[in-house]
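S.K.: Structure provided below as structure tokens; questions to follow.
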Amino acid sequence: MKKLNLLLILLSLVVIFSGCNQSKKHAPVKKELYGTYKGGEVYLLTLTNKAGNLLKLTNFGARITWLEVPDKEGNKDNITFGFDTFDEMIAGDRYFGAVVGRYANRIAKGKFTLDGVEYTLPINNGPNSLHGGPDGWHSVVWNTEIPEKTEFSTVKFTYMSPDMEAGYPGNMNVEATYTWTDNNEIIIDYAVTTGKKTVFNITNHAYFNLHGAGNGDILDHQLVIKASKFVAVDTFLIPTGELRPVAGTPFDFTTPHTVGERVGENYDQIILGKGYDHTFVFDNNEEVDATVYEPVSGRFMEVISDQPGVQFYCGNFLKGIIGHGGKPYNYRSGLCLETGHYPDSPNHPDFPTTVLQPDETFRSRTIYRFSVK
Ligand code: BGC
């Protein structure tokens, strides 16, 4: 009899504990074949959180390709740029949702010097090198891991970038881990090491439209960037070296302003940039570094980063791209908040350093958090 009681107690404990685990468990990550590229398998990975909101990723460029969150009425829509098929993705814009490297943003004339050695990079943007050249990390097939026993759905992409890839020194091991939380946060964790001293700058290049991707422009989006200064640029969007105070300029987003309000102003940096396409220097004295609010849908996005700045780009060069569901992504129909270092830092010794040493591991986290109000 005693033995039976003990057995019953043990059995109920097992049931209780497995029940606890069950309630904590997230939906499994769905992995489907999406295409092949240069002999590598490309997957579409669907992460589902507790509310049933979806984040879709692909290991081609470690990209975000779909982000489905509700508006204030509870209607769900995809709010990031992407393509329905892999063929459309490779034929379409290169950077939608991608992890960009080795150097996100521009390097003047595609040249920099490290320890007396001059390095030459591919030129792909006017006279400059942009986003690690045409075959940067946005256009390679990354390895895909789906770690087990994580609190939320998680996908880890890894890539070994060989020495002198796109002209940059050092074998680099790159990890970009995406976590999709029950609080509708995309957490991106980067971890990067190098075999030789090098320079690099990593970012995610997602475009957002809080009305829904392909549903008009982003000019009514209300933006806050906690930045008292921005990086002034020349006509090729290369920093002049000046970190200009935003006060009294169309670049003052320390209080909310819509994107459209001052984007047409007759102000030198607006004219040179053809709109907003500038790095803002984070004040870094609050948890949240930037927010975007779109009043019709009520969608609200927060950006949290440990990086020194963010490239705010309002889609000035977008034109006639057909994305998910046949919807057009036109001029200023999406905005990017690309966290990272300033452009051309290797040629500006007074900017925060982008040098990585062989004995270091670069770790950085950016969070995009979505809600409604
Ligand atoms: C740049 C833009 C460029 C875009 C390419 C942004 O990071 O600042 O000038 O057109 O990337 O998608």
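By convention here, the chains of the structure tokens are called A, B, ... in the order presented, each chain's residues are numbered starting at 1, and ligands are numbered starting at 1 in the order presented.
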Set the distance at 7 Å and use only C-alpha atoms: which residues neighbour Leu44 (chain A) once local chain neighbours fewer than 5 positions away are removed? I'd like the list as a short mmCIF file (atom, residue, chain, number, x, y, z; two decimals) with all heavy atoms, in the first residue's frame.
M.R.:
data_model
loop_
_atom_site.label_atom_id
_atom_site.label_comp_id
_atom_site.auth_asym_id
_atom_site.auth_seq_id
_atom_site.Cartn_x
_atom_site.Cartn_y
_atom_site.Cartn_z
N LYS A 31 11.20 24.76 -40.74
CA LYS A 31 12.30 24.93 -41.69
C LYS A 31 11.92 24.32 -43.04
O LYS A 31 11.67 23.12 -43.11
CB LYS A 31 13.54 24.24 -41.13
CG LYS A 31 14.79 24.38 -41.96
CD LYS A 31 15.95 23.70 -41.24
CE LYS A 31 17.18 23.67 -42.09
NZ LYS A 31 18.24 22.86 -41.47
N GLU A 32 11.83 25.15 -44.07
CA GLU A 32 11.46 24.66 -45.40
C GLU A 32 12.55 25.02 -46.40
O GLU A 32 13.18 26.08 -46.26
CB GLU A 32 10.18 25.36 -45.89
CG GLU A 32 8.96 25.11 -45.07
CD GLU A 32 7.91 26.19 -45.34
OE1 GLU A 32 7.95 27.25 -44.68
OE2 GLU A 32 7.05 25.96 -46.21
N LEU A 33 12.70 24.20 -47.41
CA LEU A 33 13.65 24.53 -48.47
C LEU A 33 13.06 25.67 -49.30
O LEU A 33 11.90 25.63 -49.70
CB LEU A 33 13.92 23.30 -49.35
CG LEU A 33 15.10 23.45 -50.28
CD1 LEU A 33 16.41 23.60 -49.50
CD2 LEU A 33 15.21 22.25 -51.22
N TYR A 34 13.87 26.72 -49.55
CA TYR A 34 13.39 27.93 -50.22
C TYR A 34 14.03 28.05 -51.60
O TYR A 34 13.48 28.64 -52.51
CB TYR A 34 13.78 29.09 -49.33
CG TYR A 34 13.15 30.43 -49.58
CD1 TYR A 34 11.79 30.57 -49.84
CD2 TYR A 34 13.92 31.58 -49.48
CE1 TYR A 34 11.23 31.82 -50.04
CE2 TYR A 34 13.37 32.84 -49.66
CZ TYR A 34 12.03 32.94 -49.95
OH TYR A 34 11.48 34.19 -50.12
N LYS A 56 9.69 35.53 -40.20
CA LYS A 56 10.30 34.59 -41.14
C LYS A 56 11.69 35.07 -41.51
O LYS A 56 11.89 36.27 -41.78
CB LYS A 56 9.44 34.45 -42.40
CG LYS A 56 8.08 33.81 -42.12
CD LYS A 56 7.34 33.49 -43.39
CE LYS A 56 5.91 33.08 -43.08
NZ LYS A 56 5.16 32.72 -44.28
N LEU A 57 12.61 34.12 -41.52
CA LEU A 57 14.02 34.41 -41.79
C LEU A 57 14.48 33.53 -42.92
O LEU A 57 13.86 32.50 -43.22
CB LEU A 57 14.87 34.09 -40.55
CG LEU A 57 14.43 34.68 -39.21
CD1 LEU A 57 15.25 34.07 -38.09
CD2 LEU A 57 14.62 36.20 -39.22
N THR A 58 15.59 33.89 -43.53
CA THR A 58 16.25 32.97 -44.45
C THR A 58 17.76 33.05 -44.24
O THR A 58 18.27 34.11 -43.86
CB THR A 58 15.88 33.23 -45.93
OG1 THR A 58 16.75 32.44 -46.75
CG2 THR A 58 16.03 34.67 -46.32
#
S.K.: Hey, which residues come within 8 Å of ligand 1 if we count only C-alpha atoms and all ligand atoms? Could you give them as a ChimeraX atom specification?
M.R.: /A:93-96,104-106,130-131,205,237,277-278,311-313,315-318,336,338
S.K.: Can you check which residues of region 56-196 of chain A DSSP gives as alpha helix (DSSP H) on the backbone and send them as a list of chain:residue names?
M.R.: A:Phe86, A:Asp87, A:Glu88, A:Met89, A:Ile90, A:Ala91
S.K.: Contacts of region 240-250 of chain A at 7 Å or less, counting only C-alpha atoms, minus same-chain residues fewer than 3 places along, as a VMD selection string?
M.R.: chain A and resid 228 to 234 262
S.K.: If you count only C-alpha atoms, which residues fall within 9 Å of His211 (chain A), apart from same-chain ones fewer than 2 positions away, as a short mmCIF file (atom, residue, chain, number, x, y, z; two decimals) with N, CA and C atoms, in the first residue's frame?
M.R.:
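The result, written out as around00.cif:
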data_model
loop_
_atom_site.label_atom_id
_atom_site.label_comp_id
_atom_site.auth_asym_id
_atom_site.auth_seq_id
_atom_site.Cartn_x
_atom_site.Cartn_y
_atom_site.Cartn_z
N ASP A 71 -2.24 45.23 -35.77
CA ASP A 71 -2.46 46.66 -35.53
C ASP A 71 -3.32 46.79 -34.28
N ASP A 77 -0.60 42.05 -40.19
CA ASP A 77 -0.04 42.31 -41.53
C ASP A 77 1.47 42.19 -41.45
N ASN A 78 2.05 41.92 -42.60
CA ASN A 78 3.51 41.90 -42.69
C ASN A 78 4.02 43.34 -42.80
N ILE A 79 4.99 43.72 -41.97
CA ILE A 79 5.44 45.12 -41.97
C ILE A 79 6.91 45.28 -42.39
N PHE A 208 11.05 48.90 -42.81
CA PHE A 208 9.78 48.79 -42.12
C PHE A 208 8.78 49.79 -42.70
N ASN A 209 7.53 49.35 -42.76
CA ASN A 209 6.42 50.26 -43.01
C ASN A 209 5.31 49.78 -42.08
N ALA A 213 3.85 46.41 -45.24
CA ALA A 213 4.77 46.58 -46.37
C ALA A 213 3.99 46.68 -47.67
N GLY A 214 4.27 47.70 -48.46
CA GLY A 214 3.57 47.89 -49.73
C GLY A 214 2.28 48.67 -49.61
N ASN A 215 1.96 49.16 -48.39
CA ASN A 215 0.73 49.95 -48.19
C ASN A 215 1.07 51.44 -48.08
N GLY A 216 1.61 52.00 -49.16
CA GLY A 216 1.87 53.45 -49.18
C GLY A 216 3.22 53.81 -48.59
N ASP A 217 3.37 55.13 -48.30
CA ASP A 217 4.69 55.61 -47.88
C ASP A 217 4.81 55.70 -46.35
N ILE A 218 5.99 56.11 -45.92
CA ILE A 218 6.28 56.17 -44.47
C ILE A 218 6.38 57.62 -43.97
N GLU A 294 3.10 54.85 -35.89
CA GLU A 294 2.26 55.12 -37.06
C GLU A 294 0.83 55.16 -36.56
N VAL A 296 -2.29 55.49 -37.69
CA VAL A 296 -3.48 54.85 -38.27
C VAL A 296 -3.61 53.41 -37.76
N SER A 297 -2.52 52.65 -37.86
CA SER A 297 -2.54 51.26 -37.39
C SER A 297 -2.29 51.20 -35.88
N GLY A 298 -1.70 52.26 -35.33
CA GLY A 298 -1.33 52.27 -33.92
C GLY A 298 -0.05 51.49 -33.64
N ARG A 299 0.58 50.97 -34.71
CA ARG A 299 1.79 50.17 -34.47
C ARG A 299 2.93 51.06 -33.98
#
S.K.: Need the shell around Phe253 (chain A): protein/DNA/RNA residues with any atom at most 10 Å away, counting only C-alpha atoms. Skip same-chain ones fewer than 2 positions apart. Format as a PyMOL selection string?
M.R.: chain A and resi 222-228+246-247+249-251+255-259+280+290-291
S.K.: Using N, CA and C atoms, can you export the residues from the last selection as a short mmCIF file (atom, residue, chain, number, x, y, z; two decimals), in the first residue's frame?
M.R.:
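Saved as result.cif:
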data_model
loop_
_atom_site.label_atom_id
_atom_site.label_comp_id
_atom_site.auth_asym_id
_atom_site.auth_seq_id
_atom_site.Cartn_x
_atom_site.Cartn_y
_atom_site.Cartn_z
N GLN A 222 5.91 58.68 -37.20
CA GLN A 222 6.48 59.63 -36.22
C GLN A 222 7.71 59.00 -35.59
N LEU A 223 8.81 59.72 -35.76
CA LEU A 223 10.10 59.17 -35.38
C LEU A 223 10.70 59.92 -34.20
N VAL A 224 11.33 59.15 -33.32
CA VAL A 224 12.17 59.73 -32.27
C VAL A 224 13.53 59.04 -32.37
N ILE A 225 14.60 59.82 -32.39
CA ILE A 225 15.95 59.22 -32.30
C ILE A 225 16.67 59.98 -31.18
N LYS A 226 17.12 59.24 -30.20
CA LYS A 226 17.80 59.88 -29.05
C LYS A 226 19.24 60.18 -29.46
N ALA A 227 19.37 61.21 -30.27
CA ALA A 227 20.68 61.58 -30.80
C ALA A 227 20.77 63.10 -30.86
N SER A 228 21.77 63.67 -30.21
CA SER A 228 21.97 65.13 -30.25
C SER A 228 22.85 65.54 -31.40
N VAL A 246 22.05 68.39 -33.83
CA VAL A 246 20.76 68.34 -34.53
C VAL A 246 19.88 69.54 -34.18
N ALA A 247 20.18 70.20 -33.07
CA ALA A 247 19.31 71.28 -32.57
C ALA A 247 19.07 72.33 -33.66
N THR A 249 17.72 71.90 -36.53
CA THR A 249 17.81 71.40 -37.91
C THR A 249 16.71 70.36 -38.16
N PRO A 250 16.48 70.00 -39.43
CA PRO A 250 15.49 68.93 -39.72
C PRO A 250 15.94 67.57 -39.20
N PHE A 251 17.10 67.50 -38.59
CA PHE A 251 17.62 66.24 -38.06
C PHE A 251 17.34 66.09 -36.56
N THR A 255 12.59 64.95 -30.15
CA THR A 255 11.15 64.91 -29.86
C THR A 255 10.48 64.39 -31.14
N PRO A 256 9.23 63.85 -31.03
CA PRO A 256 8.64 63.20 -32.21
C PRO A 256 8.38 64.17 -33.38
N HIS A 257 8.77 63.74 -34.56
CA HIS A 257 8.45 64.45 -35.81
C HIS A 257 8.15 63.39 -36.85
N THR A 258 7.23 63.71 -37.75
CA THR A 258 7.02 62.75 -38.83
C THR A 258 8.21 62.82 -39.79
N VAL A 259 8.38 61.72 -40.52
CA VAL A 259 9.48 61.66 -41.49
C VAL A 259 9.26 62.74 -42.55
N PHE A 280 22.95 58.84 -37.18
CA PHE A 280 22.69 59.62 -35.98
C PHE A 280 23.54 59.03 -34.86
N ALA A 290 15.56 54.61 -30.19
CA ALA A 290 14.73 55.21 -31.24
C ALA A 290 13.35 54.57 -31.20
N THR A 291 12.33 55.34 -31.62
CA THR A 291 10.98 54.78 -31.70
C THR A 291 10.32 55.27 -32.99
#
S.K.: Find the nearest atom pair between each residue of region 246-302 of chain A and region 170-194 of chain A for residues within 12 Å, count only C-alpha atoms, give distances in Å to one decimal, sort rows by chain and ascending number, and present the table as a tab-separated table.
M.R.:
residue	atom	partner	partner_atom	distance
A:Arg299	CA	A:Asn184	CA	11.7
A:Phe300	CA	A:Asn184	CA	11.0
A:Met301	CA	A:Glu185	CA	9.4
A:Glu302	CA	A:Glu185	CA	9.1
S.K.: Could you save those same residues with N, CA and C atoms as a PDB file, in the first residue's frame?
M.R.:
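Just written: out.pdb:
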ATOM      1  N   ARG A 299       0.576  50.970 -34.709  1.00  0.00           N
ATOM      2  CA  ARG A 299       1.794  50.169 -34.474  1.00  0.00           C
ATOM      3  C   ARG A 299       2.931  51.062 -33.976  1.00  0.00           C
ATOM      4  N   PHE A 300       3.692  50.507 -33.062  1.00  0.00           N
ATOM      5  CA  PHE A 300       4.774  51.240 -32.408  1.00  0.00           C
ATOM      6  C   PHE A 300       5.987  50.329 -32.402  1.00  0.00           C
ATOM      7  N   MET A 301       7.114  50.902 -32.769  1.00  0.00           N
ATOM      8  CA  MET A 301       8.344  50.103 -32.841  1.00  0.00           C
ATOM      9  C   MET A 301       9.409  50.795 -32.009  1.00  0.00           C
ATOM     10  N   GLU A 302      10.138  50.020 -31.229  1.00  0.00           N
ATOM     11  CA  GLU A 302      11.238  50.566 -30.436  1.00  0.00           C
ATOM     12  C   GLU A 302      12.539  49.903 -30.877  1.00  0.00           C
TER      13      GLU A 302
END
S.K.: Would you list the contacts of Pro134 (chain A) as a PyMOL selection string, taking every protein, DNA or RNA residue within 9 Å and counting only C-alpha atoms, but skipping same-chain residues closer than 5 positions in sequence?
M.R.: chain A and resi 94+122-124+129+139+166
S.K.: Selected residues, C-alpha atoms, written as an mmCIF file, in the first residue's frame, please.
M.R.:
data_model
loop_
_atom_site.group_PDB
_atom_site.id
_atom_site.type_symbol
_atom_site.label_atom_id
_atom_site.label_comp_id
_atom_site.auth_asym_id
_atom_site.auth_seq_id
_atom_site.Cartn_x
_atom_site.Cartn_y
_atom_site.Cartn_z
ATOM 1 C CA ARG A 94 19.980 43.158 -52.395
ATOM 2 C CA PRO A 122 35.216 46.746 -54.617
ATOM 3 C CA ILE A 123 33.609 50.007 -55.760
ATOM 4 C CA ASN A 124 29.842 49.638 -56.066
ATOM 5 C CA SER A 129 32.438 50.830 -51.532
ATOM 6 C CA SER A 139 24.350 37.649 -50.554
ATOM 7 C CA ALA A 166 35.910 41.605 -50.608
#
S.K.: For each of A:Gly136, A:Pro239, A:Pro349, A:Gly323, take the minimum atom-to-atom distance to Leu114 (chain A), counting only C-alpha atoms, then give the residue where this is smallest.
M.R.: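 Between A:Gly136, A:Pro239, A:Pro349, A:Gly323, the residue approaching Leu114 (chain A) most closely is A:Pro349.
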S.K.: Could you check which of A:Phe282, A:Phe200, A:Phe81, A:Trp137 is closest to Asp344 (chain A), using only C-alpha atoms?
M.R.: A:Phe200
S.K.: Report the residues of region 33-259 of chain A whose backbone DSSP state falls under strand (DSSP E or B), written as a PyMOL selection string.
M.R.: chain A and resi 33-37+40-48+54-58+60+63-70+76-78+80+99-100+103+106-107+111-114+117-120+125+128-130+141+143-145+153-161+172-180+185-194+198-199+201+203-204+208+222-225+227-233+239-245+257-258
S.K.: Provide the CA of Val263 (chain A) to CA of Val281 (chain A) distance in Å, to one decimal place.
M.R.: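 The value is 19.0 Å.
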S.K.: Please, what distance in Å, to one decimal, runs between CA of Pro352 (chain A) and CA of Thr198 (chain A)?
M.R.: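 That distance, rounded to one decimal, is 14.5 Å.
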S.K.: Arg63 (chain A): which residues within 8 Å, counting only C-alpha atoms, same-chain residues fewer than 2 positions away excluded, as a list in words?
M.R.: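 The neighbour list is Leu57, Thr58, Asn59, Phe60, Gly61, Thr65, Phe96, Gly97, Ala98, Val99 and His138 of chain A.
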S.K.: Given the selection you just returned, output its residues as a file containing N, CA and C atoms, formatted as an mmCIF file, in the first residue's frame.
M.R.:
data_model
loop_
_atom_site.group_PDB
_atom_site.id
_atom_site.type_symbol
_atom_site.label_atom_id
_atom_site.label_comp_id
_atom_site.auth_asym_id
_atom_site.auth_seq_id
_atom_site.Cartn_x
_atom_site.Cartn_y
_atom_site.Cartn_z
ATOM 1 N N LEU A 57 12.611 34.125 -41.515
ATOM 2 C CA LEU A 57 14.017 34.415 -41.788
ATOM 3 C C LEU A 57 14.480 33.526 -42.924
ATOM 4 N N THR A 58 15.591 33.895 -43.528
ATOM 5 C CA THR A 58 16.249 32.970 -44.448
ATOM 6 C C THR A 58 17.757 33.053 -44.244
ATOM 7 N N ASN A 59 18.432 31.930 -44.482
ATOM 8 C CA ASN A 59 19.895 31.917 -44.324
ATOM 9 C C ASN A 59 20.603 32.538 -45.523
ATOM 10 N N PHE A 60 19.873 32.952 -46.570
ATOM 11 C CA PHE A 60 20.492 33.722 -47.654
ATOM 12 C C PHE A 60 20.640 35.155 -47.141
ATOM 13 N N GLY A 61 21.876 35.515 -46.769
ATOM 14 C CA GLY A 61 22.102 36.844 -46.204
ATOM 15 C C GLY A 61 21.622 36.992 -44.773
ATOM 16 N N THR A 65 12.640 38.234 -43.580
ATOM 17 C CA THR A 65 11.903 38.409 -44.834
ATOM 18 C C THR A 65 10.394 38.585 -44.639
ATOM 19 N N PHE A 96 17.242 43.924 -48.508
ATOM 20 C CA PHE A 96 16.046 43.816 -47.671
ATOM 21 C C PHE A 96 16.260 42.824 -46.521
ATOM 22 N N GLY A 97 16.274 43.329 -45.312
ATOM 23 C CA GLY A 97 16.307 42.481 -44.115
ATOM 24 C C GLY A 97 17.622 41.791 -43.844
ATOM 25 N N ALA A 98 18.646 42.045 -44.673
ATOM 26 C CA ALA A 98 19.885 41.253 -44.581
ATOM 27 C C ALA A 98 20.816 41.722 -43.473
ATOM 28 N N VAL A 99 21.676 40.810 -43.057
ATOM 29 C CA VAL A 99 22.818 41.183 -42.226
ATOM 30 C C VAL A 99 23.901 41.653 -43.199
ATOM 31 N N HIS A 138 25.345 39.933 -47.203
ATOM 32 C CA HIS A 138 23.921 39.927 -47.535
ATOM 33 C C HIS A 138 23.600 38.926 -48.646
#
